[in-house]
Amino acid sequence: MAVVVQFLVRKFIDGLAEEGASELPFSTYFCEMRAELEKATISSSNADELRECMYELNNLLSQCRMLIDRTNTSSCFSLSKAWNSNKVKKRVVTVKRRVLQCVQHDPNGDAAALQEDSSTTGFSRWTTSWPEQSMIHGFDQQLSELEQKAFRNCSPGRLTGVGIVGMGGIGKTALAQLVFNSQQARGRYFPRIWVCLSRTACTAKDGAAKDVRKEVLQSILMALGLEEEIVLSIDGGGASLGDLESAVHEKLKGKRYLIVFDDVWKIDGWYADVVGPHNALPGSYQQSNCLALSLPKERGGVVVVTSRLEQAAEMMVGKSSVYRVQPLADRESSWAIFMDALSKARPALAKERRAIDLTTINNMKEEILETCSGLPSMAKAMADIFADSLSSPASTSSQELSLSGGIVK
C-alpha cells in the first residue's frame, strides 16, 4: 500500500513541476500540499486515507492541466467559468485539509469543518435504490459475477451476504442498485430494503451526534411500511436500542428479504457477522446488542454491503464473500457515461436550445478518458465541467450535441 501511495505522491509532485504551479488555478493550495507531501512519512496509519486523497488530488491536477491546455487553443473554452466556481474551490480546499491531516498526524484537526466541507463537495452523499441510468455502462460482467455471489445458496436458515468494496467513485453503489433491481431480486425477495449509511447520517442538523445504529433500524422499519411518526415514537418513548432491534426482527420474521447497506463507512462491532448463524430470540436483545440479532434467517435472504473499507465488509459478510470492484475495462463505457452525463448536465441550455460543440470534445477524447481512469464518477464529473465550460450558441454545424434532446446530430 505504501508503494502505491508513494507513486501517487510522486506523480502529483512531478506533474505540478512539469506544468508550472504558478499558472494553475488555486496554485497556493497545490504548493502548500506539495511542501507537506515532500516531507511526509507514509505509514499504515495514514496510507489508506492518503491514497484516497492522492487519487482525488491527481484528478484535480489533471483536470486543471487539461483546462489550461484547452484555453490556449479554443476561444469557446472559459477557464474562469470552469475553475473559479465555488464548488470546485471547495473541492480543492477539502482535499488540502484532508491531505494536511494525513501527513501532519494532527488528532485535533478541524474535523467539524472537514465534515462540513465534505457534505457539500461530494465526499458524503445520500443514495437511493434507483440507479442513475447515465452511469450504467460497462458493468455487465461484474454484475453477472455479483449476482452469482448474491443469489447462490439462498436456502432457509441462513442469509447470503456479499460485500462490494473499492475506492470512491468506482461504481460500488451502481452495482448494488443493479443487483437490488435485478429480475432475480424482484422475483424472489420481498421486501427489498435499501439503507444508506453515508456520513451525512452521523450528525444531526443542530450539530449533535446521532446514534447511527438507531438510524439504521429506524430506516429499516420505515422501509417496511411503518409511518415515520410511529417509528420515531419508539425511540422518543425512551426505548432502548434493543427495543428497535426487536421491532425490526418481528417485522422481518417469516419473510425472505433482500437488504442493502450502502456506503458503510465505519468499522463497528455492532455490524459484525450479519449473515452468520444467529437465531437469537427477541428476549436476548437487551443482553447483546448487534445488528445480526435484528435479521431473522428462518426463510433465508440476501444482505449486500458496499464500503470503501474492506475490513468493514469482511466483518459484516465474511472475507470469502467480498467482491472487489474494478475500474471499467472498456474505455468506450467511460466515454458513454461521459456523453450521457454531458447531455443531461445543463437543463438550462436545453431550455435556451443551446448546444455543445462535439468537435472540440471529440478532439479531447483521449485526454478525457485518461483522466477518467475507468472511474464512472470521474467521467460524470468531467461531463459537468465540460457542460459549464464548452457551452456555445447553437450552430449549424453537423457535429453538435443537442441538449434539448440529448441527441448527436
# chains A, B, ... in the order shown; residues from 1 in each chain; ligands from 1

call {"tool": "residues_around", "arguments": {"residues": "stretch 321-328 of chain A", "least_positions_apart": "4", "cutoff": "8 Å", "atoms": "only C-alpha atoms", "output": "number ranges by chain"}}
result
A: 138-139, 142, 146, 149, 161-166, 170-172, 310, 313-314, 317, 333-334, 373-376

call {"tool": "write_last_selection", "arguments": {"atoms": "N, CA and C atoms", "output": "compact mmCIF listing (two decimals), in the first residue's frame"}}
result
# COMPACT_ATOMS: atom_id res chain seq x y z
N GLY A 138 -20.96 -0.59 -18.95
CA GLY A 138 -19.75 -1.36 -18.75
C GLY A 138 -19.72 -2.26 -17.54
N PHE A 139 -20.88 -2.48 -16.90
CA PHE A 139 -20.92 -3.28 -15.67
C PHE A 139 -21.40 -4.72 -15.89
N GLN A 142 -19.21 -7.62 -14.33
CA GLN A 142 -19.13 -7.53 -12.87
C GLN A 142 -20.50 -7.79 -12.24
N LEU A 146 -21.41 -10.67 -9.51
CA LEU A 146 -22.04 -10.30 -8.24
C LEU A 146 -23.34 -11.07 -8.01
N LYS A 149 -22.68 -14.45 -6.73
CA LYS A 149 -22.35 -14.45 -5.30
C LYS A 149 -23.60 -14.21 -4.44
N GLY A 161 -24.55 -13.35 1.97
CA GLY A 161 -24.02 -11.99 2.00
C GLY A 161 -23.01 -11.75 0.91
N VAL A 162 -22.94 -10.51 0.45
CA VAL A 162 -21.90 -10.11 -0.49
C VAL A 162 -21.47 -8.69 -0.12
N GLY A 163 -20.16 -8.49 -0.04
CA GLY A 163 -19.60 -7.17 0.25
C GLY A 163 -18.96 -6.59 -0.99
N ILE A 164 -19.42 -5.44 -1.43
CA ILE A 164 -18.89 -4.77 -2.62
C ILE A 164 -17.93 -3.68 -2.16
N VAL A 165 -16.65 -3.83 -2.46
CA VAL A 165 -15.64 -2.90 -1.96
C VAL A 165 -14.84 -2.31 -3.11
N GLY A 166 -14.24 -1.16 -2.85
CA GLY A 166 -13.42 -0.49 -3.85
C GLY A 166 -13.28 0.98 -3.52
N ILE A 170 -15.81 4.28 -7.93
CA ILE A 170 -15.54 3.18 -8.86
C ILE A 170 -16.81 2.47 -9.31
N GLY A 171 -17.94 2.70 -8.61
CA GLY A 171 -19.20 2.12 -9.05
C GLY A 171 -19.83 1.13 -8.09
N LYS A 172 -19.45 1.18 -6.82
CA LYS A 172 -19.99 0.23 -5.83
C LYS A 172 -21.50 0.39 -5.68
N GLU A 310 -12.59 -2.32 3.23
CA GLU A 310 -12.72 -3.75 3.01
C GLU A 310 -12.90 -4.49 4.34
N ALA A 313 -16.56 -4.53 5.38
CA ALA A 313 -17.36 -5.50 4.62
C ALA A 313 -17.05 -6.92 5.08
N GLU A 314 -15.78 -7.22 5.30
CA GLU A 314 -15.41 -8.56 5.77
C GLU A 314 -16.05 -8.86 7.12
N VAL A 317 -19.96 -9.61 6.31
CA VAL A 317 -20.41 -10.74 5.49
C VAL A 317 -19.38 -11.85 5.35
N SER A 333 -17.02 2.44 -22.52
CA SER A 333 -18.04 2.55 -21.48
C SER A 333 -17.88 3.85 -20.71
N SER A 334 -16.63 4.21 -20.41
CA SER A 334 -16.38 5.50 -19.75
C SER A 334 -16.83 6.65 -20.65
N SER A 373 -9.77 7.40 -15.98
CA SER A 373 -9.14 6.19 -15.43
C SER A 373 -10.12 5.07 -15.12
N GLY A 374 -11.17 4.97 -15.91
CA GLY A 374 -12.13 3.90 -15.71
C GLY A 374 -13.08 4.10 -14.55
N LEU A 375 -13.11 5.30 -13.97
CA LEU A 375 -13.98 5.58 -12.83
C LEU A 375 -15.27 6.26 -13.32
N PRO A 376 -16.42 5.63 -13.13
CA PRO A 376 -17.68 6.23 -13.59
C PRO A 376 -17.93 7.62 -13.02

call {"tool": "residues_around", "arguments": {"residues": "stretch 193-195 of chain A", "least_positions_apart": "5", "cutoff": "10 Å", "atoms": "only C-alpha atoms", "output": "JSON, numbers by chain"}}
result
{"A": [126, 127, 128, 129, 130, 176, 177, 180, 215, 216, 217, 218, 219, 220, 221, 222, 223, 224, 257, 258, 259, 260, 261, 262, 263, 264, 303, 304, 305]}

call {"tool": "closest_residue", "arguments": {"among": "A:Ala383, A:Val179, A:Leu226, A:Cys372", "to": "A:Ser343", "atoms": "only C-alpha atoms"}}
result
A:Ala383

call {"tool": "atom_distance", "arguments": {"atom1": "atom CA of A:Ala329", "atom2": "atom CA of A:Leu369"}}
result
11.4 Å

call {"tool": "atom_distance", "arguments": {"atom1": "atom CA of A:Glu250", "atom2": "atom CA of A:Gln148"}}
result
29.3 Å

call {"tool": "residues_around", "arguments": {"residues": "A:Arg158", "least_positions_apart": "3", "cutoff": "12 Å", "atoms": "only C-alpha atoms", "output": "PyMOL selection string"}}
result
chain A and resi 152-155+161+256-257+273-279+292+295-303+317

call {"tool": "select_by_dssp", "arguments": {"residues": "stretch 303-342 of chain A", "states": "alpha helix (DSSP H)", "output": "VMD selection string"}}
result
chain A and resid 310 to 317 331 to 342

call {"tool": "atom_distance", "arguments": {"atom1": "atom CA of A:Leu16", "atom2": "atom CA of A:Leu342"}}
result
28.1 Å

call {"tool": "residues_around", "arguments": {"residues": "stretch 34-38 of chain A", "least_positions_apart": "3", "cutoff": "10 Å", "atoms": "only C-alpha atoms", "output": "list of chain:residue names"}}
result
A:Gln6, A:Val9, A:Arg10, A:Phe12, A:Ile13, A:Asp14, A:Leu16, A:Ala17, A:Thr28, A:Tyr29, A:Phe30, A:Cys31, A:Thr41, A:Ile42, A:Lys96, A:Val99, A:Leu100, A:Cys102, A:Val103, A:Gln104

call {"tool": "closest_residue", "arguments": {"among": "A:Ser246, A:Ala174, A:Met54, A:Lys255", "to": "A:Asp140", "atoms": "only C-alpha atoms"}}
result
A:Ala174

call {"tool": "closest_residue", "arguments": {"among": "A:Lys253, A:Arg188, A:His137, A:Lys319", "to": "A:Ser377", "atoms": "only C-alpha atoms"}}
result
A:His137

call {"tool": "select_by_dssp", "arguments": {"residues": "stretch 155-254 of chain A", "states": "strand (DSSP E or B)", "output": "list in words"}}
result
Leu159, Thr160, Gly161, Val162, Gly163, Ile164, Val165, Phe190, Arg192, Ile193, Trp194, Val195, Cys196, Thr203 and Ala209 of chain A
